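Asker: Enclosed is the structure file query12.txt (compact mmCIF, C-alpha atoms and all ligand atoms).
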```txt
# COMPACT_ATOMS: atom_id res chain seq x y z
CA MET B 1 1.86 -6.88 12.37
CA PHE B 2 2.78 -6.27 15.99
CA PHE B 3 2.14 -2.94 17.73
CA HIS B 4 3.90 -2.24 21.03
CA VAL B 5 2.52 0.84 22.77
CA LEU B 6 4.65 2.10 25.66
CA THR B 7 2.57 4.19 28.00
CA LEU B 8 1.71 5.13 31.58
CA PHE B 9 -1.95 4.33 30.81
CA PRO B 10 -2.05 0.83 29.30
CA GLU B 11 -5.75 0.27 30.04
CA MET B 12 -6.61 3.27 27.86
CA ILE B 13 -4.85 1.67 24.89
CA MET B 14 -6.32 -1.81 25.32
CA GLU B 15 -9.86 -0.49 25.75
CA GLY B 16 -9.48 1.79 22.76
CA LEU B 17 -8.19 -0.88 20.40
CA GLY B 18 -10.12 -3.94 21.56
CA THR B 19 -13.46 -3.26 19.87
CA SER B 20 -14.93 -3.18 16.38
CA ILE B 21 -12.75 -3.82 13.35
CA LEU B 22 -9.42 -3.76 15.19
CA GLY B 23 -10.73 -6.07 17.91
CA ARG B 24 -11.86 -8.51 15.23
CA ALA B 25 -8.48 -8.22 13.45
CA MET B 26 -6.69 -9.05 16.70
CA GLN B 27 -8.89 -12.11 17.26
CA LYS B 28 -8.20 -13.23 13.70
CA GLY B 29 -4.47 -12.74 14.33
CA CYS B 30 -3.88 -10.22 11.50
CA ILE B 31 -2.54 -7.71 13.99
CA SER B 32 -1.56 -7.83 17.61
CA ALA B 33 -1.26 -4.98 20.06
CA GLU B 34 0.28 -4.88 23.49
CA ALA B 35 0.34 -1.97 25.91
CA VAL B 36 3.46 -1.91 28.03
CA ASN B 37 3.39 0.05 31.27
CA ILE B 38 6.49 2.25 31.49
CA ARG B 39 5.99 2.48 35.26
CA ASP B 40 6.79 -1.24 35.56
CA TYR B 41 10.37 -0.42 34.58
CA THR B 42 11.22 2.31 37.08
CA THR B 43 13.98 1.55 39.54
CA ASN B 44 12.60 4.22 41.88
CA LYS B 45 11.37 2.70 45.12
CA HIS B 46 8.23 4.85 45.07
CA GLN B 47 7.47 3.86 41.46
CA LYS B 48 8.10 7.43 40.39
CA VAL B 49 8.60 8.05 36.64
CA ASP B 50 8.62 11.85 36.46
CA ASP B 51 10.48 14.83 37.90
CA TYR B 52 10.71 18.61 37.54
CA THR B 53 12.41 20.05 34.46
CA TYR B 54 15.77 21.78 34.71
CA GLY B 55 15.61 25.44 33.78
CA PRO B 56 12.65 27.79 33.92
CA GLY B 57 9.14 26.72 33.03
CA ALA B 58 6.79 24.70 35.17
CA GLY B 59 5.92 21.08 34.71
CA MET B 60 7.02 17.53 35.09
CA LEU B 61 8.99 15.45 32.66
CA MET B 62 9.15 11.69 32.22
CA GLN B 63 12.61 10.57 33.27
CA ALA B 64 15.08 8.79 31.02
CA GLN B 65 15.64 5.61 33.05
CA PRO B 66 12.19 3.97 33.02
CA VAL B 67 11.62 4.91 29.37
CA TYR B 68 15.01 3.55 28.31
CA ASP B 69 14.64 0.28 30.20
CA CYS B 70 11.11 -0.22 28.89
CA VAL B 71 12.16 0.32 25.27
CA GLN B 72 15.13 -2.03 25.67
CA ALA B 73 12.94 -4.73 27.20
CA VAL B 74 10.43 -4.51 24.34
CA LEU B 75 13.18 -4.50 21.67
CA GLY B 76 14.71 -7.53 23.39
CA GLN B 77 11.39 -9.42 23.26
CA ILE B 78 10.94 -8.53 19.60
CA ALA B 79 14.45 -9.81 18.76
CA GLU B 80 13.76 -13.01 20.65
CA ARG B 81 10.44 -13.61 18.89
CA ARG B 82 12.01 -12.95 15.49
CA GLU B 83 14.82 -15.35 16.22
CA GLN B 84 12.37 -18.06 17.21
CA THR B 85 10.28 -17.66 14.06
CA LEU B 86 13.45 -17.68 11.96
CA HIS B 87 14.56 -20.94 13.55
CA SER B 88 11.19 -22.58 13.09
CA GLU B 89 10.92 -21.43 9.48
CA ASN B 90 14.49 -22.21 8.35
CA SER B 91 15.29 -25.00 10.81
CA GLY B 92 18.65 -23.26 11.20
CA ALA B 93 19.78 -24.16 7.66
CA GLU B 94 19.90 -20.74 6.03
CA LEU B 95 21.79 -17.72 7.18
CA PRO B 96 19.37 -15.34 8.89
CA GLU B 97 18.85 -12.06 7.07
CA GLU B 98 20.36 -9.11 8.84
CA ALA B 99 17.84 -8.19 11.52
CA LYS B 100 15.75 -5.28 10.33
CA LYS B 101 15.93 -2.26 12.58
CA VAL B 102 12.76 -1.83 14.60
CA ARG B 103 11.24 1.63 14.29
CA VAL B 104 10.56 3.39 17.57
CA VAL B 105 8.05 6.19 17.07
CA TYR B 106 7.73 8.96 19.63
CA VAL B 107 4.26 10.48 19.36
CA THR B 108 4.66 14.19 20.00
CA PRO B 109 3.29 17.50 18.75
CA GLN B 110 6.94 18.25 17.84
CA GLY B 111 6.91 15.60 15.11
CA SER B 112 6.21 15.36 11.38
CA VAL B 113 2.48 15.33 10.70
CA PHE B 114 1.00 11.86 10.20
CA ASP B 115 -0.77 11.26 6.89
CA GLN B 116 -1.96 8.40 4.68
CA LYS B 117 1.43 8.07 3.00
CA MET B 118 3.13 7.65 6.36
CA ALA B 119 0.50 5.09 7.34
CA GLN B 120 1.37 3.12 4.19
CA GLU B 121 5.08 3.22 5.03
CA PHE B 122 4.56 2.06 8.63
CA ALA B 123 2.20 -0.72 7.45
CA LYS B 124 5.21 -2.42 5.80
CA GLU B 125 6.87 -2.97 9.19
CA GLU B 126 6.60 -6.23 11.08
CA ASP B 127 6.79 -4.47 14.45
CA LEU B 128 6.13 -0.89 15.43
CA VAL B 129 6.99 0.56 18.82
CA LEU B 130 4.95 3.63 19.77
CA LEU B 131 6.21 5.65 22.70
CA CYS B 132 3.62 7.85 24.44
CA GLY B 133 4.76 10.83 26.46
CA HIS B 134 2.83 12.55 29.20
CA TYR B 135 3.20 15.66 31.31
CA GLU B 136 5.62 18.02 29.56
CA GLY B 137 7.20 15.19 27.59
CA ILE B 138 10.26 12.98 27.99
CA ASP B 139 13.90 13.74 28.87
CA GLU B 140 15.62 14.57 25.57
CA ARG B 141 18.61 12.30 26.25
CA VAL B 142 16.64 9.06 26.09
CA LEU B 143 14.82 10.22 22.97
CA GLU B 144 18.19 10.75 21.26
CA GLU B 145 19.16 7.18 22.16
CA VAL B 146 16.07 5.23 21.11
CA VAL B 147 13.71 7.17 18.84
CA THR B 148 13.79 6.67 15.05
CA ASP B 149 10.69 8.75 14.10
CA TYR B 150 8.95 11.75 15.65
CA VAL B 151 5.27 11.87 14.65
CA SER B 152 2.39 14.23 15.46
CA ILE B 153 -1.24 13.80 14.41
CA GLY B 154 -1.89 17.49 13.77
CA ASP B 155 -1.35 21.05 14.89
CA TYR B 156 -3.09 21.05 18.25
CA VAL B 157 -1.97 19.95 21.70
CA LEU B 158 -3.36 16.92 23.54
CA THR B 159 -2.76 15.88 27.13
CA GLY B 160 -0.83 12.76 26.16
CA GLY B 161 0.32 10.53 23.35
CA GLU B 162 -2.23 7.73 23.90
CA LEU B 163 -4.97 9.03 21.60
CA PRO B 164 -2.48 9.86 18.83
CA ALA B 165 -0.95 6.38 19.19
CA MET B 166 -4.40 4.83 18.83
CA VAL B 167 -5.13 6.99 15.79
CA MET B 168 -1.91 5.76 14.19
CA VAL B 169 -2.56 2.09 15.05
CA ASP B 170 -6.03 2.37 13.51
CA ALA B 171 -4.89 4.06 10.28
CA ILE B 172 -1.98 1.62 9.86
CA SER B 173 -3.93 -1.52 10.77
CA ARG B 174 -6.61 -1.02 8.13
CA LEU B 175 -3.83 -1.21 5.52
CA VAL B 176 -2.62 -4.59 6.81
CA PRO B 177 -3.86 -7.43 4.56
CA GLY B 178 -6.84 -9.27 6.05
CA VAL B 179 -7.87 -6.57 8.52
CA LEU B 180 -10.67 -5.19 6.37
CA ASN B 181 -13.13 -7.31 4.45
CA ASN B 182 -13.93 -6.45 0.82
CA ASP B 183 -16.85 -4.15 1.58
CA GLU B 184 -14.77 -2.12 3.98
CA SER B 185 -11.63 -1.90 1.87
CA ALA B 186 -13.49 -0.02 -0.87
CA VAL B 187 -13.20 2.98 1.41
CA THR B 188 -9.42 2.84 1.12
CA ASP B 189 -9.59 4.36 -2.34
CA SER B 190 -11.18 7.58 -1.14
CA PHE B 191 -8.00 9.15 0.16
CA GLY B 192 -5.74 6.96 -1.93
CA ASN B 193 -6.29 9.13 -5.00
CA GLY B 194 -5.71 12.34 -3.03
CA LEU B 195 -9.35 13.50 -3.22
CA LEU B 196 -12.19 13.46 -0.73
CA GLU B 197 -14.81 10.83 -1.35
CA HIS B 198 -18.01 11.58 -3.28
CA PRO B 199 -21.37 11.52 -1.42
CA GLN B 200 -23.06 8.15 -0.90
CA TYR B 201 -26.70 7.08 -0.59
CA SER B 202 -28.64 4.10 0.68
CA ARG B 203 -32.35 3.21 0.85
CA PRO B 204 -34.97 4.64 0.80
CA GLN B 205 -34.83 6.19 -2.66
CA VAL B 206 -36.75 9.24 -1.36
CA TRP B 207 -36.30 10.56 2.18
CA ARG B 208 -37.95 13.80 3.39
CA ASP B 209 -38.58 14.72 -0.26
CA LYS B 210 -34.90 14.29 -1.07
CA GLU B 211 -34.14 11.93 -3.93
CA VAL B 212 -31.08 9.82 -4.54
CA PRO B 213 -29.28 11.36 -7.57
CA PRO B 214 -30.93 9.63 -10.58
CA VAL B 215 -27.59 8.78 -12.25
CA LEU B 216 -26.91 6.27 -9.44
CA LEU B 217 -30.05 4.34 -10.45
CA SER B 218 -29.17 4.37 -14.16
CA GLY B 219 -27.04 1.24 -14.11
CA ASN B 220 -24.58 2.99 -16.43
CA HIS B 221 -21.23 2.39 -14.76
CA LYS B 222 -19.25 4.76 -16.97
CA LEU B 223 -21.68 7.57 -16.24
CA ILE B 224 -21.70 6.79 -12.52
CA GLU B 225 -17.90 6.87 -12.32
CA LYS B 226 -17.85 10.21 -14.14
CA TRP B 227 -20.42 11.62 -11.71
CA GLN B 228 -18.46 10.31 -8.71
CA LEU B 229 -15.23 11.94 -9.88
CA GLU B 230 -16.99 15.24 -10.51
CA GLU B 231 -18.56 15.15 -7.04
CA SER B 232 -15.20 14.26 -5.49
CA LEU B 233 -13.58 17.22 -7.22
CA LYS B 234 -16.39 19.60 -6.27
CA ARG B 235 -16.27 18.53 -2.62
CA THR B 236 -12.48 18.63 -2.43
CA LYS B 237 -12.33 22.10 -4.01
CA GLU B 238 -14.85 23.42 -1.50
CA ARG B 239 -13.69 21.71 1.69
CA ARG B 240 -9.98 21.12 1.08
CA PRO B 241 -8.67 23.64 -1.44
CA ASP B 242 -5.13 22.60 -0.48
CA LEU B 243 -5.74 18.99 -1.60
CA TYR B 244 -7.58 20.19 -4.68
CA GLU B 245 -4.64 22.30 -5.87
CA LYS B 246 -2.26 19.43 -5.26
CA TRP B 247 -4.45 17.05 -7.27
CA ARG B 248 -4.74 19.59 -10.09
CA ALA B 249 -0.97 20.04 -10.24
CA GLU B 250 -0.47 16.26 -10.43
CA ASN B 251 -3.28 15.70 -12.98
CA ASP B 252 -2.86 18.79 -15.18
CA HIS B 253 -3.02 16.67 -18.36
CA CYS B 254 -6.85 16.51 -18.08
CL1 LIG Q 301 1.43 12.89 19.00
N1 LIG Q 301 0.87 14.17 21.24
C1 LIG Q 301 0.30 15.14 21.92
N2 LIG Q 301 0.46 15.19 23.24
N3 LIG Q 301 -0.42 16.10 21.37
C2 LIG Q 301 -0.55 16.05 20.05
C3 LIG Q 301 0.01 15.05 19.25
C4 LIG Q 301 0.74 14.11 19.89
N4 LIG Q 301 -0.30 15.27 17.97
C5 LIG Q 301 -1.03 16.36 17.97
N5 LIG Q 301 -1.20 16.84 19.21
```
Before anything else, please render the file you have as structure tokens.
Answerer:
Amino acid sequence: MFFHVLTLFPEMIMEGLGTSILGRAMQKGCISAEAVNIRDYTTNKHQKVDDYTYGPGAGMLMQAQPVYDCVQAVLGQIAERREQTLHSENSGAELPEEAKKVRVVYVTPQGSVFDQKMAQEFAKEEDLVLLCGHYEGIDERVLEEVVTDYVSIGDYVLTGGELPAMVMVDAISRLVPGVLNNDESAVTDSFGNGLLEHPQYSRPQVWRDKEVPPVLLSGNHKLIEKWQLEESLKRTKERRPDLYEKWRAENDHC
């Protein structure tokens, strides 16, 4: 999967995504991420990308031109790459499938709130363009022209879209086949069933007089699974009553 992050701070993106599991996934070729500098596309001779907003209210806005040209350039490169892979795979014999529309996501507090389900949907895409705003945002007219999805990561305001974009790339990438190894992918299930994960323990068996729950040492898998579900439910009810009620409504047969 290819991520294309359009930003005024490309170094922030590359440093944030280059380490740990995502860094390894990029080296393996499971995912690839590029940060494209919107400033490179301004036609302004002083490299300016922002200006004052019309109407009352202070603040600067990213202008339409550099954003539009940057998005078009990236979409053009994606189309070109797809065409090349099509040619090399089909050797021109078969009719190419109708080109799938590339999703352009504007990361903004004015968007739908990102969740695991959305991450699963985005993980099906071959390319994902993430547009990061800064200052007071981006001129509405260019958003109307290029954006397919408006996504926020939660109800609080950040200084820019870079951290949210990285959050999304992380959550989506770990769903891409090959990114996680088997040990790591076990964690996927925790939110997958709509409940918080049960507590976990490692060695030593006793630490500061606290013992690992004896059931985990019993070797009885049925009993352990029952205990884990009960702990999941207890924890979810206490910490996330909203998720608990939702789970109850969907599992009211038990
Ligand atoms: Cl996507 N952007 C900004 N600037 N702030 C946010 C956000 C996004 N999601 C939550 N807060």
Asker: Pick from B:Glu211, B:Glu245, B:Asp115, B:Glu140: nearest to ligand LIG 301 (chain Q), with only C-alpha atoms and all ligand atoms counted?
Answerer: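 Closest residue, counting only C-alpha atoms and all ligand atoms: B:Asp115.
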Asker: Calculate how many Å separate CA of Met166 (chain B) from CA of Arg39 (chain B), rounding to one decimal.
Answerer: 19.6 Å
Asker: Within 7 Å of ligand LIG 301 (chain Q), which residues show up when you count only C-alpha atoms and all ligand atoms? List them as a PyMOL selection string, please.
Answerer: chain B and resi 107-109+133-134+151-161+164-165
Asker: Can you tell me how far CA of Glu231 (chain B) sits from CA of Val167 (chain B), in Å to one decimal?
Answerer: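 It comes out at 27.7 Å.
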Asker: With a distance cut-off of 7 Å and all atoms listed in the file, select the neighbouring residues of Thr236 (chain B), excluding the residue or stretch itself and same-chain residues fewer than 5 positions from it, and output the selection as a ChimeraX atom specification.
Answerer: /B:195-196,241,243-244
Asker: Quick one, how far is CA of Tyr41 (chain B) from CA of Thr85 (chain B)?
Answerer: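 So the answer is 26.8 Å.
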Asker: Fewer than 2 positions away in the same chain doesn't count, so skip those; otherwise give me all residues within 12 Å of Arg174 (chain B), counting all atoms listed in the file, as a PyMOL selection string.
Answerer: chain B and resi 1+20-26+30-31+116+119-120+122-123+167-172+176-182+184-188
Asker: Compile a residue-level contact table for region 39-130 of chain B against region 4-19 of chain B at a cut-off of 10 Å, reporting for every qualifying residue the shortest atom pair and its distance in Å to one decimal, with all atoms listed in the file counted, rows ordered by chain and ascending number, as JSON lines.
Answerer:
```
{"residue": "B:Arg39", "atom": "CA", "partner": "B:Leu8", "partner_atom": "CA", "distance": 6.2}
{"residue": "B:Asp40", "atom": "CA", "partner": "B:Leu8", "partner_atom": "CA", "distance": 9.1}
{"residue": "B:Val49", "atom": "CA", "partner": "B:Leu8", "partner_atom": "CA", "distance": 9.0}
{"residue": "B:Met62", "atom": "CA", "partner": "B:Leu8", "partner_atom": "CA", "distance": 9.9}
{"residue": "B:Val67", "atom": "CA", "partner": "B:Leu6", "partner_atom": "CA", "distance": 8.4}
{"residue": "B:Cys70", "atom": "CA", "partner": "B:Leu6", "partner_atom": "CA", "distance": 7.6}
{"residue": "B:Val71", "atom": "CA", "partner": "B:Leu6", "partner_atom": "CA", "distance": 7.7}
{"residue": "B:Val74", "atom": "CA", "partner": "B:His4", "partner_atom": "CA", "distance": 7.7}
{"residue": "B:Leu75", "atom": "CA", "partner": "B:His4", "partner_atom": "CA", "distance": 9.6}
{"residue": "B:Ile78", "atom": "CA", "partner": "B:His4", "partner_atom": "CA", "distance": 9.5}
{"residue": "B:Val104", "atom": "CA", "partner": "B:His4", "partner_atom": "CA", "distance": 9.4}
{"residue": "B:Val105", "atom": "CA", "partner": "B:Val5", "partner_atom": "CA", "distance": 9.6}
{"residue": "B:Tyr106", "atom": "CA", "partner": "B:Leu6", "partner_atom": "CA", "distance": 9.6}
{"residue": "B:Asp127", "atom": "CA", "partner": "B:His4", "partner_atom": "CA", "distance": 7.5}
{"residue": "B:Leu128", "atom": "CA", "partner": "B:His4", "partner_atom": "CA", "distance": 6.2}
{"residue": "B:Val129", "atom": "CA", "partner": "B:His4", "partner_atom": "CA", "distance": 4.7}
{"residue": "B:Leu130", "atom": "CA", "partner": "B:Val5", "partner_atom": "CA", "distance": 4.8}
```
Asker: Identify which of the residues B:Leu86, B:Tyr150, B:Leu143, B:Tyr135 lies closest to Val113 (chain B), counting only C-alpha atoms when measuring atom-to-atom distances.
Answerer: B:Tyr150
Asker: Taking (5.9, 21.3, 33.6) in the coordinates of the supplied file, I want to know which residues reach to within 8 Å of it, counting only C-alpha atoms; could you give the answer as a list in words?
Answerer: Tyr52, Thr53, Gly57, Ala58, Gly59, Met60, Leu61, Tyr135 and Glu136 of chain B
